[in-house]
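Q: For reference, this is my_file38.cif, and it has mmCIF, N, CA and C atoms.
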data_query
loop_
_atom_site.label_atom_id
_atom_site.label_comp_id
_atom_site.auth_asym_id
_atom_site.auth_seq_id
_atom_site.Cartn_x
_atom_site.Cartn_y
_atom_site.Cartn_z
N ASP A 1 69.96 115.11 155.01
CA ASP A 1 69.35 115.79 153.87
C ASP A 1 70.33 115.94 152.70
N VAL A 2 71.64 115.94 153.00
CA VAL A 2 72.62 116.14 151.94
C VAL A 2 72.90 114.83 151.20
N LEU A 3 73.01 113.72 151.90
CA LEU A 3 73.33 112.44 151.29
C LEU A 3 72.10 111.85 150.62
N PRO A 4 72.33 111.13 149.49
CA PRO A 4 71.19 110.48 148.84
C PRO A 4 70.69 109.32 149.68
N GLY A 5 69.50 108.86 149.35
CA GLY A 5 68.91 107.76 150.09
C GLY A 5 69.58 106.45 149.76
N ASP A 6 69.18 105.38 150.40
CA ASP A 6 69.77 104.06 150.15
C ASP A 6 69.48 103.63 148.71
N ARG A 7 70.51 102.99 148.11
CA ARG A 7 70.37 102.49 146.75
C ARG A 7 70.03 101.02 146.78
N LYS A 8 69.21 100.61 145.88
CA LYS A 8 68.86 99.20 145.78
C LYS A 8 69.47 98.68 144.49
N LEU A 9 70.33 97.67 144.58
CA LEU A 9 71.00 97.10 143.42
C LEU A 9 70.06 96.15 142.70
N ARG A 10 70.24 96.07 141.37
CA ARG A 10 69.44 95.14 140.59
C ARG A 10 69.97 93.73 140.77
N ASP A 11 69.20 92.76 140.37
CA ASP A 11 69.60 91.37 140.49
C ASP A 11 70.75 91.06 139.54
N VAL A 12 71.54 90.08 139.89
CA VAL A 12 72.66 89.65 139.07
C VAL A 12 72.14 88.99 137.80
N GLN A 13 72.79 89.35 136.64
CA GLN A 13 72.41 88.75 135.36
C GLN A 13 73.51 87.81 134.91
N GLU A 14 73.11 86.73 134.30
CA GLU A 14 74.07 85.77 133.77
C GLU A 14 74.69 86.31 132.48
N LEU A 15 75.96 86.00 132.27
CA LEU A 15 76.64 86.40 131.04
C LEU A 15 76.14 85.56 129.89
N GLU A 16 76.02 86.20 128.72
CA GLU A 16 75.63 85.47 127.53
C GLU A 16 76.85 84.78 126.95
N ASP A 17 76.60 83.74 126.17
CA ASP A 17 77.71 82.97 125.58
C ASP A 17 78.25 83.60 124.30
N ASP A 18 77.70 84.69 123.85
CA ASP A 18 78.16 85.32 122.61
C ASP A 18 79.45 86.08 122.85
N ASP A 19 80.58 85.40 122.57
CA ASP A 19 81.87 86.07 122.70
C ASP A 19 82.15 86.97 121.50
N ASP A 20 81.45 86.69 120.37
CA ASP A 20 81.70 87.45 119.15
C ASP A 20 81.23 88.89 119.26
N GLU A 21 80.16 89.10 119.99
CA GLU A 21 79.60 90.45 120.05
C GLU A 21 80.01 91.12 121.34
N ASP A 22 80.96 91.99 121.25
CA ASP A 22 81.41 92.78 122.39
C ASP A 22 81.05 94.23 122.09
N SER A 23 80.29 94.84 122.96
CA SER A 23 79.81 96.19 122.68
C SER A 23 80.95 97.20 122.60
N ASP A 24 82.06 96.93 123.27
CA ASP A 24 83.19 97.85 123.23
C ASP A 24 84.10 97.62 122.04
N ALA A 25 84.05 96.43 121.46
CA ALA A 25 84.95 96.10 120.36
C ALA A 25 84.48 96.77 119.08
N GLU A 26 85.44 97.16 118.28
CA GLU A 26 85.13 97.80 117.01
C GLU A 26 84.79 96.72 116.00
N LYS A 27 83.70 96.91 115.30
CA LYS A 27 83.29 95.94 114.29
C LYS A 27 83.90 96.35 112.97
N PRO A 28 84.41 95.38 112.19
CA PRO A 28 85.00 95.73 110.90
C PRO A 28 83.93 96.27 109.96
N LYS A 29 84.31 97.25 109.15
CA LYS A 29 83.38 97.84 108.21
C LYS A 29 83.23 96.93 107.00
N PRO A 30 82.02 96.80 106.50
CA PRO A 30 81.86 96.06 105.25
C PRO A 30 82.49 96.84 104.11
N GLU A 31 82.88 96.12 103.06
CA GLU A 31 83.58 96.75 101.94
C GLU A 31 82.71 97.78 101.22
N ASP A 32 81.39 97.55 101.20
CA ASP A 32 80.54 98.44 100.44
C ASP A 32 80.06 99.64 101.25
N GLU A 33 80.49 99.78 102.48
CA GLU A 33 80.07 100.91 103.30
C GLU A 33 80.77 102.18 102.80
N ASP A 34 80.00 103.28 102.79
CA ASP A 34 80.52 104.55 102.29
C ASP A 34 81.50 105.13 103.30
N ASP A 35 82.75 105.37 102.87
CA ASP A 35 83.76 105.93 103.76
C ASP A 35 83.79 107.46 103.69
N ASP A 36 82.93 108.05 102.88
CA ASP A 36 82.88 109.50 102.72
C ASP A 36 81.42 109.97 102.71
N PRO A 37 80.75 109.93 103.88
CA PRO A 37 79.33 110.28 103.89
C PRO A 37 79.04 111.74 103.55
N GLU A 38 79.99 112.64 103.81
CA GLU A 38 79.78 114.05 103.51
C GLU A 38 80.09 114.39 102.06
N GLY A 39 80.72 113.49 101.33
CA GLY A 39 81.07 113.74 99.94
C GLY A 39 82.27 114.65 99.77
N LEU A 40 83.17 114.67 100.76
CA LEU A 40 84.34 115.56 100.69
C LEU A 40 85.32 115.14 99.60
N CYS A 41 85.43 113.85 99.34
CA CYS A 41 86.40 113.37 98.35
C CYS A 41 86.02 113.79 96.93
N ASP A 42 84.71 113.96 96.69
CA ASP A 42 84.26 114.33 95.36
C ASP A 42 84.04 115.83 95.21
N ALA A 43 84.11 116.57 96.31
CA ALA A 43 83.87 118.02 96.28
C ALA A 43 85.07 118.76 95.70
N ASP A 44 84.83 119.97 95.23
CA ASP A 44 85.90 120.84 94.73
C ASP A 44 86.76 121.26 95.92
N ILE A 45 88.05 121.01 95.83
CA ILE A 45 88.94 121.27 96.97
C ILE A 45 89.01 122.76 97.31
N ASN A 46 88.77 123.63 96.36
CA ASN A 46 88.82 125.07 96.61
C ASN A 46 87.65 125.56 97.45
N THR A 47 86.60 124.78 97.56
CA THR A 47 85.44 125.20 98.34
C THR A 47 85.47 124.65 99.76
N LEU A 48 86.47 123.87 100.11
CA LEU A 48 86.53 123.23 101.42
C LEU A 48 87.28 124.09 102.43
N SER A 49 86.90 123.95 103.69
CA SER A 49 87.62 124.64 104.77
C SER A 49 88.90 123.86 105.08
N ALA A 50 89.74 124.42 105.93
CA ALA A 50 91.00 123.77 106.28
C ALA A 50 90.75 122.41 106.95
N VAL A 51 89.78 122.35 107.84
CA VAL A 51 89.47 121.10 108.53
C VAL A 51 88.94 120.07 107.54
N GLN A 52 88.08 120.50 106.62
CA GLN A 52 87.54 119.58 105.62
C GLN A 52 88.65 119.06 104.71
N LYS A 53 89.64 119.90 104.40
CA LYS A 53 90.76 119.45 103.57
C LYS A 53 91.57 118.37 104.28
N ILE A 54 91.76 118.52 105.59
CA ILE A 54 92.49 117.52 106.36
C ILE A 54 91.71 116.20 106.38
N ILE A 55 90.41 116.28 106.60
CA ILE A 55 89.57 115.07 106.61
C ILE A 55 89.61 114.41 105.24
N ARG A 56 89.54 115.21 104.18
CA ARG A 56 89.58 114.68 102.82
C ARG A 56 90.91 113.96 102.56
N ALA A 57 92.02 114.57 102.99
CA ALA A 57 93.33 113.96 102.77
C ALA A 57 93.43 112.62 103.50
N LYS A 58 92.91 112.54 104.72
CA LYS A 58 92.96 111.28 105.46
C LYS A 58 92.11 110.22 104.77
N ARG A 59 90.96 110.60 104.27
CA ARG A 59 90.10 109.63 103.58
C ARG A 59 90.72 109.17 102.27
N LYS A 60 91.35 110.08 101.55
CA LYS A 60 92.03 109.70 100.30
C LYS A 60 93.17 108.74 100.59
N LYS A 61 93.94 109.03 101.66
CA LYS A 61 95.04 108.13 102.02
C LYS A 61 94.51 106.76 102.42
N SER A 62 93.40 106.74 103.13
CA SER A 62 92.78 105.47 103.52
C SER A 62 92.36 104.68 102.29
N ARG A 63 91.83 105.37 101.30
CA ARG A 63 91.45 104.69 100.05
C ARG A 63 92.68 104.15 99.32
N ARG A 64 93.79 104.92 99.33
CA ARG A 64 95.01 104.45 98.65
C ARG A 64 95.58 103.21 99.33
N THR A 65 95.45 103.12 100.67
CA THR A 65 95.99 101.95 101.35
C THR A 65 95.21 100.69 101.01
N LYS A 66 93.96 100.85 100.59
CA LYS A 66 93.14 99.69 100.22
C LYS A 66 93.43 99.22 98.80
N LEU A 67 94.13 100.02 98.02
CA LEU A 67 94.49 99.63 96.66
C LEU A 67 95.53 98.52 96.69
N PRO A 68 95.56 97.69 95.67
CA PRO A 68 96.63 96.68 95.64
C PRO A 68 97.99 97.35 95.47
N PRO A 69 99.05 96.75 96.01
CA PRO A 69 100.38 97.38 95.91
C PRO A 69 100.83 97.49 94.46
N GLU A 70 101.48 98.61 94.17
CA GLU A 70 102.01 98.83 92.82
C GLU A 70 103.39 98.21 92.71
N LYS A 71 103.65 97.61 91.56
CA LYS A 71 104.97 97.07 91.31
C LYS A 71 105.70 98.05 90.39
N PRO A 72 106.86 98.54 90.82
CA PRO A 72 107.59 99.49 89.97
C PRO A 72 108.01 98.82 88.66
N ASN A 73 107.88 99.56 87.56
CA ASN A 73 108.30 99.00 86.28
C ASN A 73 109.75 99.33 85.97
N VAL A 74 110.35 100.27 86.73
CA VAL A 74 111.76 100.60 86.58
C VAL A 74 112.36 100.71 87.98
N THR A 75 113.51 100.10 88.17
CA THR A 75 114.22 100.20 89.44
C THR A 75 115.53 100.92 89.19
N VAL A 76 115.78 101.97 89.98
CA VAL A 76 116.99 102.77 89.83
C VAL A 76 117.83 102.62 91.09
N HIS A 77 119.11 102.31 90.92
CA HIS A 77 120.04 102.20 92.04
C HIS A 77 120.94 103.44 92.04
N ILE A 78 120.91 104.16 93.14
CA ILE A 78 121.71 105.37 93.29
C ILE A 78 122.93 105.01 94.13
N GLN A 79 124.11 105.15 93.56
CA GLN A 79 125.34 104.82 94.28
C GLN A 79 125.90 106.03 95.04
N GLU A 80 125.65 107.22 94.53
CA GLU A 80 126.12 108.42 95.22
C GLU A 80 125.13 109.56 94.96
N VAL A 81 125.13 110.51 95.86
CA VAL A 81 124.24 111.65 95.76
C VAL A 81 125.06 112.88 95.37
N LEU A 82 124.40 113.99 95.23
CA LEU A 82 125.10 115.23 94.90
C LEU A 82 125.99 115.66 96.07
N PRO A 83 126.96 116.54 95.82
CA PRO A 83 127.87 116.96 96.91
C PRO A 83 127.16 117.55 98.13
N ASP A 84 125.99 118.14 97.93
CA ASP A 84 125.28 118.71 99.07
C ASP A 84 124.42 117.68 99.80
N GLY A 85 124.50 116.42 99.39
CA GLY A 85 123.76 115.35 100.07
C GLY A 85 122.34 115.17 99.58
N LYS A 86 121.96 115.88 98.52
CA LYS A 86 120.60 115.79 98.01
C LYS A 86 120.54 114.80 96.85
N LEU A 87 119.35 114.38 96.54
CA LEU A 87 119.13 113.40 95.48
C LEU A 87 119.24 114.02 94.09
N GLY A 88 118.95 115.30 93.97
CA GLY A 88 119.04 115.96 92.68
C GLY A 88 117.74 115.87 91.89
N LEU A 89 116.64 115.65 92.58
CA LEU A 89 115.34 115.58 91.93
C LEU A 89 114.41 116.60 92.56
N GLY A 90 113.62 117.25 91.72
CA GLY A 90 112.54 118.09 92.22
C GLY A 90 111.31 117.22 92.36
N LEU A 91 110.79 117.10 93.55
CA LEU A 91 109.67 116.20 93.81
C LEU A 91 108.43 116.96 94.23
N ASP A 92 107.29 116.42 93.87
CA ASP A 92 106.00 116.99 94.25
C ASP A 92 105.07 115.83 94.55
N ASP A 93 104.03 116.09 95.34
CA ASP A 93 103.06 115.03 95.62
C ASP A 93 102.37 114.61 94.33
N ALA A 94 102.12 113.32 94.22
CA ALA A 94 101.38 112.81 93.07
C ALA A 94 99.91 113.18 93.24
N ASP A 95 99.11 112.89 92.24
CA ASP A 95 97.67 113.14 92.31
C ASP A 95 97.10 112.45 93.54
N GLU A 96 96.00 112.99 94.06
CA GLU A 96 95.43 112.46 95.31
C GLU A 96 95.08 110.99 95.23
N ASP A 97 94.75 110.51 94.05
CA ASP A 97 94.33 109.11 93.90
C ASP A 97 95.50 108.17 93.59
N LEU A 98 96.72 108.71 93.49
CA LEU A 98 97.89 107.90 93.18
C LEU A 98 98.86 107.92 94.34
N ARG A 99 99.59 106.83 94.48
CA ARG A 99 100.63 106.76 95.51
C ARG A 99 101.90 107.42 95.01
N GLY A 100 102.78 107.72 95.94
CA GLY A 100 104.12 108.15 95.59
C GLY A 100 104.29 109.63 95.38
N LEU A 101 105.49 109.96 94.88
CA LEU A 101 105.86 111.34 94.59
C LEU A 101 106.15 111.46 93.10
N MET A 102 105.82 112.62 92.53
CA MET A 102 106.02 112.88 91.12
C MET A 102 107.33 113.64 90.94
N ILE A 103 108.12 113.25 89.96
CA ILE A 103 109.37 113.95 89.65
C ILE A 103 109.04 115.10 88.71
N VAL A 104 109.38 116.32 89.13
CA VAL A 104 109.07 117.51 88.32
C VAL A 104 110.32 118.20 87.79
N GLN A 105 111.50 117.83 88.32
CA GLN A 105 112.75 118.44 87.88
C GLN A 105 113.88 117.46 88.13
N ILE A 106 114.86 117.43 87.21
CA ILE A 106 115.99 116.51 87.33
C ILE A 106 117.29 117.29 87.16
N ASP A 107 118.21 117.13 88.10
CA ASP A 107 119.52 117.74 88.00
C ASP A 107 120.30 117.04 86.89
N LYS A 108 121.20 117.78 86.24
CA LYS A 108 121.98 117.21 85.13
C LYS A 108 122.75 115.96 85.54
N LYS A 109 123.29 115.96 86.76
CA LYS A 109 124.10 114.83 87.20
C LYS A 109 123.25 113.59 87.50
N MET A 110 121.96 113.76 87.67
CA MET A 110 121.09 112.62 87.96
C MET A 110 120.40 112.07 86.72
N GLN A 111 120.55 112.71 85.59
CA GLN A 111 119.91 112.24 84.37
C GLN A 111 120.49 110.91 83.90
N GLN A 112 121.71 110.60 84.31
CA GLN A 112 122.36 109.35 83.91
C GLN A 112 121.65 108.12 84.46
N HIS A 113 120.82 108.29 85.50
CA HIS A 113 120.13 107.17 86.11
C HIS A 113 118.85 106.79 85.39
N GLY A 114 118.45 107.57 84.41
CA GLY A 114 117.27 107.23 83.63
C GLY A 114 115.97 107.84 84.14
N TRP A 115 116.07 108.79 85.05
CA TRP A 115 114.86 109.47 85.52
C TRP A 115 114.26 110.27 84.38
N GLU A 116 112.95 110.40 84.38
CA GLU A 116 112.25 111.27 83.44
C GLU A 116 111.24 112.11 84.20
N VAL A 117 111.02 113.34 83.76
CA VAL A 117 110.01 114.19 84.38
C VAL A 117 108.66 113.50 84.22
N GLY A 118 107.93 113.42 85.30
CA GLY A 118 106.63 112.75 85.29
C GLY A 118 106.67 111.36 85.89
N ASP A 119 107.88 110.82 86.11
CA ASP A 119 107.98 109.52 86.79
C ASP A 119 107.47 109.66 88.21
N ARG A 120 107.00 108.55 88.75
CA ARG A 120 106.57 108.53 90.15
C ARG A 120 107.49 107.62 90.94
N ILE A 121 107.83 108.03 92.14
CA ILE A 121 108.59 107.19 93.07
C ILE A 121 107.56 106.54 93.98
N VAL A 122 107.42 105.20 93.87
CA VAL A 122 106.44 104.48 94.67
C VAL A 122 107.11 103.58 95.71
N GLN A 123 108.41 103.34 95.57
CA GLN A 123 109.16 102.54 96.55
C GLN A 123 110.53 103.16 96.76
N LEU A 124 111.03 103.01 97.98
CA LEU A 124 112.38 103.43 98.30
C LEU A 124 112.96 102.38 99.24
N SER A 125 114.01 101.74 98.83
CA SER A 125 114.65 100.67 99.59
C SER A 125 113.65 99.56 99.93
N GLY A 126 112.77 99.27 98.98
CA GLY A 126 111.81 98.19 99.16
C GLY A 126 110.59 98.55 99.99
N GLN A 127 110.51 99.78 100.48
CA GLN A 127 109.37 100.21 101.29
C GLN A 127 108.43 101.07 100.44
N GLU A 128 107.13 100.93 100.69
CA GLU A 128 106.13 101.69 99.95
C GLU A 128 106.21 103.18 100.31
N VAL A 129 106.13 104.03 99.31
CA VAL A 129 106.09 105.48 99.50
C VAL A 129 104.70 105.95 99.09
N ASP A 130 103.95 106.48 100.06
CA ASP A 130 102.60 106.94 99.77
C ASP A 130 102.55 108.46 99.62
N ASP A 131 103.32 109.16 100.42
CA ASP A 131 103.31 110.62 100.36
C ASP A 131 104.67 111.16 100.77
N TRP A 132 104.76 112.48 100.87
CA TRP A 132 106.05 113.13 101.15
C TRP A 132 106.62 112.68 102.49
N ASP A 133 105.79 112.54 103.51
CA ASP A 133 106.28 112.15 104.83
C ASP A 133 106.93 110.77 104.79
N ASP A 134 106.32 109.83 104.07
CA ASP A 134 106.91 108.50 103.93
C ASP A 134 108.27 108.58 103.23
N PHE A 135 108.32 109.35 102.15
CA PHE A 135 109.58 109.47 101.40
C PHE A 135 110.67 110.08 102.27
N LYS A 136 110.35 111.13 102.99
CA LYS A 136 111.35 111.81 103.82
C LYS A 136 111.90 110.87 104.88
N ARG A 137 111.00 110.12 105.53
CA ARG A 137 111.43 109.18 106.57
C ARG A 137 112.33 108.08 105.97
N LEU A 138 111.94 107.54 104.83
CA LEU A 138 112.73 106.48 104.21
C LEU A 138 114.05 107.00 103.65
N TRP A 139 114.04 108.22 103.11
CA TRP A 139 115.27 108.80 102.57
C TRP A 139 116.28 109.05 103.68
N GLU A 140 115.82 109.57 104.82
CA GLU A 140 116.72 109.80 105.94
C GLU A 140 117.29 108.48 106.44
N ALA A 141 116.48 107.45 106.49
CA ALA A 141 116.97 106.13 106.92
C ALA A 141 117.98 105.58 105.92
N ALA A 142 117.72 105.76 104.63
CA ALA A 142 118.63 105.27 103.60
C ALA A 142 119.98 106.00 103.67
N LYS A 143 119.94 107.29 103.91
CA LYS A 143 121.21 108.05 104.02
C LYS A 143 121.97 107.62 105.28
N GLN A 144 121.23 107.38 106.34
CA GLN A 144 121.88 107.03 107.60
C GLN A 144 122.49 105.63 107.55
N PHE A 145 121.77 104.66 107.01
CA PHE A 145 122.22 103.28 107.06
C PHE A 145 122.84 102.82 105.74
N GLY A 146 122.66 103.60 104.67
CA GLY A 146 123.16 103.18 103.37
C GLY A 146 124.58 103.59 103.20
#
Output the structure of this file as structure tokens.

A:
Amino acid sequence: DVLPGDRKLRDVQELEDDDDEDSDAEKPKPEDEDDDPEGLCDADINTLSAVQKIIRAKRKKSRRTKLPPEKPNVTVHIQEVLPDGKLGLGLDDADEDLRGLMIVQIDKKMQQHGWEVGDRIVQLSGQEVDDWDDFKRLWEAAKQFG
């Protein structure tokens, strides 16, 4: 009474020749498919919850990765840093739709390199900088190996 009754297996089915369609494989999204069905990217950020802000940030970053790579119009070579090991720049995240970091403050000793307030850092040691985490990782690598 506890065990189930005998099971009857279905007949064997032949495999189809369609190797292209695998139900487990992820299908690439078409370019015109909406990547923001809830409209979080266009909503006022002050009205969003913390979770919605995280989702919005991921979607914005995904959109930025689809943009063509930016070519810097000015290249600055830093031979030495400040005595405390810092770059001497006040940095802030750029607008959500732009890559890189925005320069908001410049130390007197770093003005000789041609930085201007409002410049964006989009590359560091030839690597793309999309946000603060990318910059921090690349800056630490540059200090360590440079």

Q: I'd like to see the residues matched by the PyMOL selection byres ((chain A and resi 89-104) around 6) on this file, and ideally I'd get them as a VMD selection string.

A: chain A and resid 86 to 88 105 to 107 116 to 122 129 to 131

Q: Report as a ChimeraX atom specification the full result of the PyMOL selection byres (((chain A and resi 38 and name CA) around 12) and name CA) when it is applied to this structure.

A: /A:34-37,39-43,48,52,55-56,59

Q: Report the residues retrieved by the PyMOL selection byres ((chain A and resi 68-79) around 7) from the displayed file, expressed as a compact mmCIF listing (two decimals) with N, CA and C atoms, in the coordinates of the input.

A:
# COMPACT_ATOMS: atom_id res chain seq x y z
N ARG A 64 93.79 104.92 99.33
CA ARG A 64 95.01 104.45 98.65
C ARG A 64 95.58 103.21 99.33
N THR A 65 95.45 103.12 100.67
CA THR A 65 95.99 101.95 101.35
C THR A 65 95.21 100.69 101.01
N LYS A 66 93.96 100.85 100.59
CA LYS A 66 93.14 99.69 100.22
C LYS A 66 93.43 99.22 98.80
N LEU A 67 94.13 100.02 98.02
CA LEU A 67 94.49 99.63 96.66
C LEU A 67 95.53 98.52 96.69
N GLU A 80 125.65 107.22 94.53
CA GLU A 80 126.12 108.42 95.22
C GLU A 80 125.13 109.56 94.96
N VAL A 81 125.13 110.51 95.86
CA VAL A 81 124.24 111.65 95.76
C VAL A 81 125.06 112.88 95.37
N HIS A 113 120.82 108.29 85.50
CA HIS A 113 120.13 107.17 86.11
C HIS A 113 118.85 106.79 85.39
N VAL A 122 107.42 105.20 93.87
CA VAL A 122 106.44 104.48 94.67
C VAL A 122 107.11 103.58 95.71
N GLN A 123 108.41 103.34 95.57
CA GLN A 123 109.16 102.54 96.55
C GLN A 123 110.53 103.16 96.76

Q: Atom CA of A:Phe135 to atom N of A:Ser62: how many Å, to one decimal?

A: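 About the pair atom CA of A:Phe135 and atom N of A:Ser62: they are 16.5 Å apart.
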
Q: Among chain A, which ones does DSSP assign to alpha helix (DSSP H) (computed from the backbone)? Answer as an NGL selection string.

A: :A and (50-66 or 132-145)

Q: Figure out the distance between atom CA of A:Lys108 and atom CA of A:Ser125, please, to one decimal in Å.

A: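 Interatomic distance here is 23.2 Å.
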
Q: Enclose stretch 75-79 of chain A, meaning all of its atoms listed in the file, in a box aligned along x, y and z, pad it by 3 Å on each side, and list the centre and edge lengths in Å to one decimal, as AutoDock Vina command-line options.

A:
--center_x 119.7 --center_y 103.1 --center_z 91.6 --size_x 18.4 --size_y 11.9 --size_z 12.9

Q: With DSSP run on the backbone, what are the strand (DSSP E or B) residues within stretch 97-130 of chain A? I'd like them as a list of chain:residue names.

A: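 DSSP-assigned strand (DSSP E or B) residues in stretch 97-130 of chain A: A:Leu101, A:Met102, A:Ile103, A:Val104, A:Gln105, A:Ile106, A:Arg120, A:Ile121, A:Gln123, A:Leu124, A:Gln127, A:Glu128.
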